Amino acid sequence: VAGFYSARGWTIPPLPWPTFPPPLSLNALEALGDPNSIWVWTNDGIIPLSSLNQGGEQEKLRRFASLNTRRDPVRFSDGNALRLSSGEISFLKFAAYVSFEIDNSSLLLFDEPETHLHPNFIARFVSILDSLLAQTGSAAIIATHSAYFLREVFREQISILRADADRRIEVQRPRLATFGADVGEISYFVFGEDEPSYLAQELERNIQSSGMTWDEVLENYSNELSLEFLNELRAKISG
């Protein structure tokens, strides 16, 4: 529904925009900022996004029917038409195709949609998806490695798949209450991303082998390194 399934998973199809964008896809466009600054192409020229829903029903249908669906929306700034970023376009196509294709009692499958979405758009995408699922009595399964997706749902909605020593798959629930949680905490508790940075380890070894005192380290690196990293360095140098 949101794309085509292949060995790589769901991908955004290289297709034009839906001819009649539903209200939720218009809401997605408005998520990019002032709707008066976002313009769409028609067969007669270019019009502001905000004008699509103006007028009577027949006028709206005529306006939607005249959309040039093979040209992406643009943002006007100081009289210049600027292309939307690839992340913005990906977000819009996700929202438009899902809201256009969904039907009652649908099952939507998404394979790592974060590869196409900027983190800033994930929360809005989940909000749009949640509204669609509620309105149509549908469900969605999202395979993800993104902490930004997990903080938008409750832990009861999350299944963690892990392989044990014998390569058997186990299904677990996160210990952390994920909804609204810190991204770093989710990364640690759900994905187990607690491995130290290789470059940080190398820098630590170089500083220790240089024979620098703590005062010299503080003078040279206080504005460059995190407080946590500096505290670890101090403990090792002073110890």
# chains A, B, ... in the order shown; residues from 1 in each chain; ligands from 1
call {"tool": "select_by_dssp", "arguments": {"residues": "segment 54-165 of chain A", "states": "strand (DSSP E or B)", "output": "PyMOL selection string"}}
result
chain A and resi 67+74-77+80-83+107-111+139-143+160-163
call {"tool": "write_last_selection", "arguments": {"atoms": "N, CA, C and O atoms", "output": "PDB file, in the first residue's frame"}}
result
ATOM      1  N   LEU A  67      -4.486  19.279 -11.157  1.00  0.00           N
ATOM      2  CA  LEU A  67      -3.140  19.176 -10.601  1.00  0.00           C
ATOM      3  C   LEU A  67      -2.201  18.470 -11.572  1.00  0.00           C
ATOM      4  O   LEU A  67      -2.552  17.466 -12.175  1.00  0.00           O
ATOM      5  N   VAL A  74       6.570  22.949  -4.393  1.00  0.00           N
ATOM      6  CA  VAL A  74       7.742  23.791  -4.137  1.00  0.00           C
ATOM      7  C   VAL A  74       7.419  24.751  -2.992  1.00  0.00           C
ATOM      8  O   VAL A  74       6.259  24.958  -2.645  1.00  0.00           O
ATOM      9  N   ARG A  75       8.455  25.322  -2.435  1.00  0.00           N
ATOM     10  CA  ARG A  75       8.299  26.325  -1.382  1.00  0.00           C
ATOM     11  C   ARG A  75       8.752  27.671  -1.927  1.00  0.00           C
ATOM     12  O   ARG A  75       9.851  27.796  -2.466  1.00  0.00           O
ATOM     13  N   PHE A  76       7.880  28.692  -1.777  1.00  0.00           N
ATOM     14  CA  PHE A  76       8.239  30.025  -2.217  1.00  0.00           C
ATOM     15  C   PHE A  76       8.846  30.806  -1.053  1.00  0.00           C
ATOM     16  O   PHE A  76       8.303  30.836   0.052  1.00  0.00           O
ATOM     17  N   SER A  77       9.996  31.411  -1.316  1.00  0.00           N
ATOM     18  CA  SER A  77      10.675  32.229  -0.313  1.00  0.00           C
ATOM     19  C   SER A  77      11.279  33.437  -1.017  1.00  0.00           C
ATOM     20  O   SER A  77      12.088  33.281  -1.947  1.00  0.00           O
ATOM     21  N   ASN A  80      11.188  33.370  -4.724  1.00  0.00           N
ATOM     22  CA  ASN A  80      11.883  32.292  -5.422  1.00  0.00           C
ATOM     23  C   ASN A  80      11.223  30.948  -5.117  1.00  0.00           C
ATOM     24  O   ASN A  80      10.875  30.667  -3.959  1.00  0.00           O
ATOM     25  N   ALA A  81      11.058  30.124  -6.148  1.00  0.00           N
ATOM     26  CA  ALA A  81      10.507  28.782  -5.975  1.00  0.00           C
ATOM     27  C   ALA A  81      11.651  27.824  -5.644  1.00  0.00           C
ATOM     28  O   ALA A  81      12.552  27.623  -6.462  1.00  0.00           O
ATOM     29  N   LEU A  82      11.627  27.265  -4.441  1.00  0.00           N
ATOM     30  CA  LEU A  82      12.698  26.385  -3.970  1.00  0.00           C
ATOM     31  C   LEU A  82      12.209  24.943  -3.933  1.00  0.00           C
ATOM     32  O   LEU A  82      11.086  24.668  -3.502  1.00  0.00           O
ATOM     33  N   ARG A  83      13.055  24.032  -4.369  1.00  0.00           N
ATOM     34  CA  ARG A  83      12.702  22.617  -4.313  1.00  0.00           C
ATOM     35  C   ARG A  83      12.665  22.152  -2.861  1.00  0.00           C
ATOM     36  O   ARG A  83      13.484  22.581  -2.036  1.00  0.00           O
ATOM     37  N   LEU A 107      -4.089  -4.026   6.304  1.00  0.00           N
ATOM     38  CA  LEU A 107      -2.872  -4.307   7.059  1.00  0.00           C
ATOM     39  C   LEU A 107      -1.719  -3.651   6.311  1.00  0.00           C
ATOM     40  O   LEU A 107      -1.405  -4.034   5.183  1.00  0.00           O
ATOM     41  N   LEU A 108      -1.103  -2.651   6.937  1.00  0.00           N
ATOM     42  CA  LEU A 108      -0.005  -1.927   6.316  1.00  0.00           C
ATOM     43  C   LEU A 108       1.327  -2.467   6.835  1.00  0.00           C
ATOM     44  O   LEU A 108       1.499  -2.651   8.038  1.00  0.00           O
ATOM     45  N   LEU A 109       2.258  -2.705   5.931  1.00  0.00           N
ATOM     46  CA  LEU A 109       3.577  -3.223   6.285  1.00  0.00           C
ATOM     47  C   LEU A 109       4.638  -2.209   5.893  1.00  0.00           C
ATOM     48  O   LEU A 109       4.683  -1.758   4.745  1.00  0.00           O
ATOM     49  N   PHE A 110       5.493  -1.853   6.846  1.00  0.00           N
ATOM     50  CA  PHE A 110       6.575  -0.899   6.586  1.00  0.00           C
ATOM     51  C   PHE A 110       7.898  -1.525   7.020  1.00  0.00           C
ATOM     52  O   PHE A 110       8.022  -2.019   8.146  1.00  0.00           O
ATOM     53  N   ASP A 111       8.866  -1.493   6.134  1.00  0.00           N
ATOM     54  CA  ASP A 111      10.190  -2.020   6.444  1.00  0.00           C
ATOM     55  C   ASP A 111      11.173  -0.858   6.558  1.00  0.00           C
ATOM     56  O   ASP A 111      11.556  -0.254   5.557  1.00  0.00           O
ATOM     57  N   ALA A 139      -4.615  -1.915  10.755  1.00  0.00           N
ATOM     58  CA  ALA A 139      -3.456  -2.150  11.618  1.00  0.00           C
ATOM     59  C   ALA A 139      -2.193  -1.980  10.780  1.00  0.00           C
ATOM     60  O   ALA A 139      -2.223  -2.067   9.554  1.00  0.00           O
ATOM     61  N   ALA A 140      -1.077  -1.728  11.465  1.00  0.00           N
ATOM     62  CA  ALA A 140       0.201  -1.566  10.779  1.00  0.00           C
ATOM     63  C   ALA A 140       1.288  -2.319  11.526  1.00  0.00           C
ATOM     64  O   ALA A 140       1.273  -2.383  12.764  1.00  0.00           O
ATOM     65  N   ILE A 141       2.194  -2.905  10.775  1.00  0.00           N
ATOM     66  CA  ILE A 141       3.389  -3.535  11.332  1.00  0.00           C
ATOM     67  C   ILE A 141       4.594  -2.783  10.778  1.00  0.00           C
ATOM     68  O   ILE A 141       4.746  -2.677   9.556  1.00  0.00           O
ATOM     69  N   ILE A 142       5.418  -2.265  11.673  1.00  0.00           N
ATOM     70  CA  ILE A 142       6.588  -1.483  11.265  1.00  0.00           C
ATOM     71  C   ILE A 142       7.837  -2.177  11.776  1.00  0.00           C
ATOM     72  O   ILE A 142       8.001  -2.355  12.986  1.00  0.00           O
ATOM     73  N   ALA A 143       8.709  -2.575  10.861  1.00  0.00           N
ATOM     74  CA  ALA A 143      10.023  -3.092  11.239  1.00  0.00           C
ATOM     75  C   ALA A 143      10.985  -1.909  11.244  1.00  0.00           C
ATOM     76  O   ALA A 143      11.124  -1.219  10.231  1.00  0.00           O
ATOM     77  N   ILE A 160      10.413  -6.967  20.411  1.00  0.00           N
ATOM     78  CA  ILE A 160      11.839  -6.961  20.084  1.00  0.00           C
ATOM     79  C   ILE A 160      12.239  -8.368  19.673  1.00  0.00           C
ATOM     80  O   ILE A 160      12.025  -9.330  20.420  1.00  0.00           O
ATOM     81  N   LEU A 161      12.816  -8.508  18.507  1.00  0.00           N
ATOM     82  CA  LEU A 161      13.268  -9.806  18.017  1.00  0.00           C
ATOM     83  C   LEU A 161      14.775  -9.921  18.233  1.00  0.00           C
ATOM     84  O   LEU A 161      15.545  -9.115  17.704  1.00  0.00           O
ATOM     85  N   ARG A 162      15.173 -10.909  19.020  1.00  0.00           N
ATOM     86  CA  ARG A 162      16.594 -11.124  19.293  1.00  0.00           C
ATOM     87  C   ARG A 162      16.955 -12.578  18.984  1.00  0.00           C
ATOM     88  O   ARG A 162      16.140 -13.485  19.189  1.00  0.00           O
ATOM     89  N   ALA A 163      18.168 -12.780  18.523  1.00  0.00           N
ATOM     90  CA  ALA A 163      18.675 -14.124  18.270  1.00  0.00           C
ATOM     91  C   ALA A 163      19.511 -14.572  19.453  1.00  0.00           C
ATOM     92  O   ALA A 163      20.396 -13.833  19.916  1.00  0.00           O
TER      93      ALA A 163
END
call {"tool": "select_by_dssp", "arguments": {"residues": "segment 59-239 of chain A", "states": "helix (DSSP H, G or I)", "output": "number ranges by chain"}}
result
A: 59-65, 86-101, 113-115, 119-136, 147-150, 155-157, 183-189, 198-210, 214-221, 227-238
call {"tool": "residues_around", "arguments": {"residues": "segment 182-192 of chain A", "least_positions_apart": "3", "cutoff": "12 Å", "atoms": "only C-alpha atoms", "output": "PyMOL selection string"}}
result
chain A and resi 119+144-155+158-162+172-179+195-196
call {"tool": "write_last_selection", "arguments": {"atoms": "C-alpha atoms", "output": "short mmCIF file (atom, residue, chain, number, x, y, z; two decimals), in the first residue's frame"}}
result
data_model
loop_
_atom_site.label_atom_id
_atom_site.label_comp_id
_atom_site.auth_asym_id
_atom_site.auth_seq_id
_atom_site.Cartn_x
_atom_site.Cartn_y
_atom_site.Cartn_z
CA PRO A 119 13.66 12.26 12.28
CA THR A 144 12.42 -0.43 12.50
CA HIS A 145 15.77 0.29 14.07
CA SER A 146 14.79 3.87 14.88
CA ALA A 147 14.40 5.06 18.46
CA TYR A 148 12.39 7.98 17.04
CA PHE A 149 9.61 5.60 15.98
CA LEU A 150 9.59 3.73 19.29
CA ARG A 151 9.14 6.85 21.39
CA GLU A 152 5.85 7.45 19.54
CA VAL A 153 4.26 4.17 20.72
CA PHE A 154 3.69 2.35 24.00
CA ARG A 155 5.90 -0.58 24.96
CA ILE A 158 6.58 -3.19 20.59
CA SER A 159 8.05 -6.64 19.99
CA ILE A 160 11.84 -6.96 20.08
CA LEU A 161 13.27 -9.81 18.02
CA ARG A 162 16.59 -11.12 19.29
CA GLN A 172 10.69 -9.74 24.03
CA ARG A 173 8.98 -6.65 25.38
CA PRO A 174 11.08 -3.59 26.25
CA ARG A 175 11.65 -2.93 29.96
CA LEU A 176 11.56 0.81 29.31
CA ALA A 177 8.31 2.73 29.02
CA THR A 178 9.03 3.94 25.49
CA PHE A 179 6.26 6.44 24.86
CA GLU A 195 29.17 0.11 22.59
CA PRO A 196 31.71 2.92 23.08
#
call {"tool": "residues_around", "arguments": {"residues": "Ser238 of chain A", "least_positions_apart": "3", "cutoff": "10 Å", "atoms": "only C-alpha atoms", "output": "PyMOL selection string"}}
result
chain A and resi 213-214+233-235
call {"tool": "write_last_selection", "arguments": {"atoms": "C-alpha atoms", "output": "PDB file, in the first residue's frame"}}
result
ATOM      1  CA  THR A 213      48.212  16.285  33.126  1.00  0.00           C
ATOM      2  CA  TRP A 214      44.522  16.726  33.888  1.00  0.00           C
ATOM      3  CA  LEU A 233      39.467  10.811  31.342  1.00  0.00           C
ATOM      4  CA  ARG A 234      39.980  12.553  34.679  1.00  0.00           C
ATOM      5  CA  ALA A 235      39.327   9.357  36.613  1.00  0.00           C
TER       6      ALA A 235
END
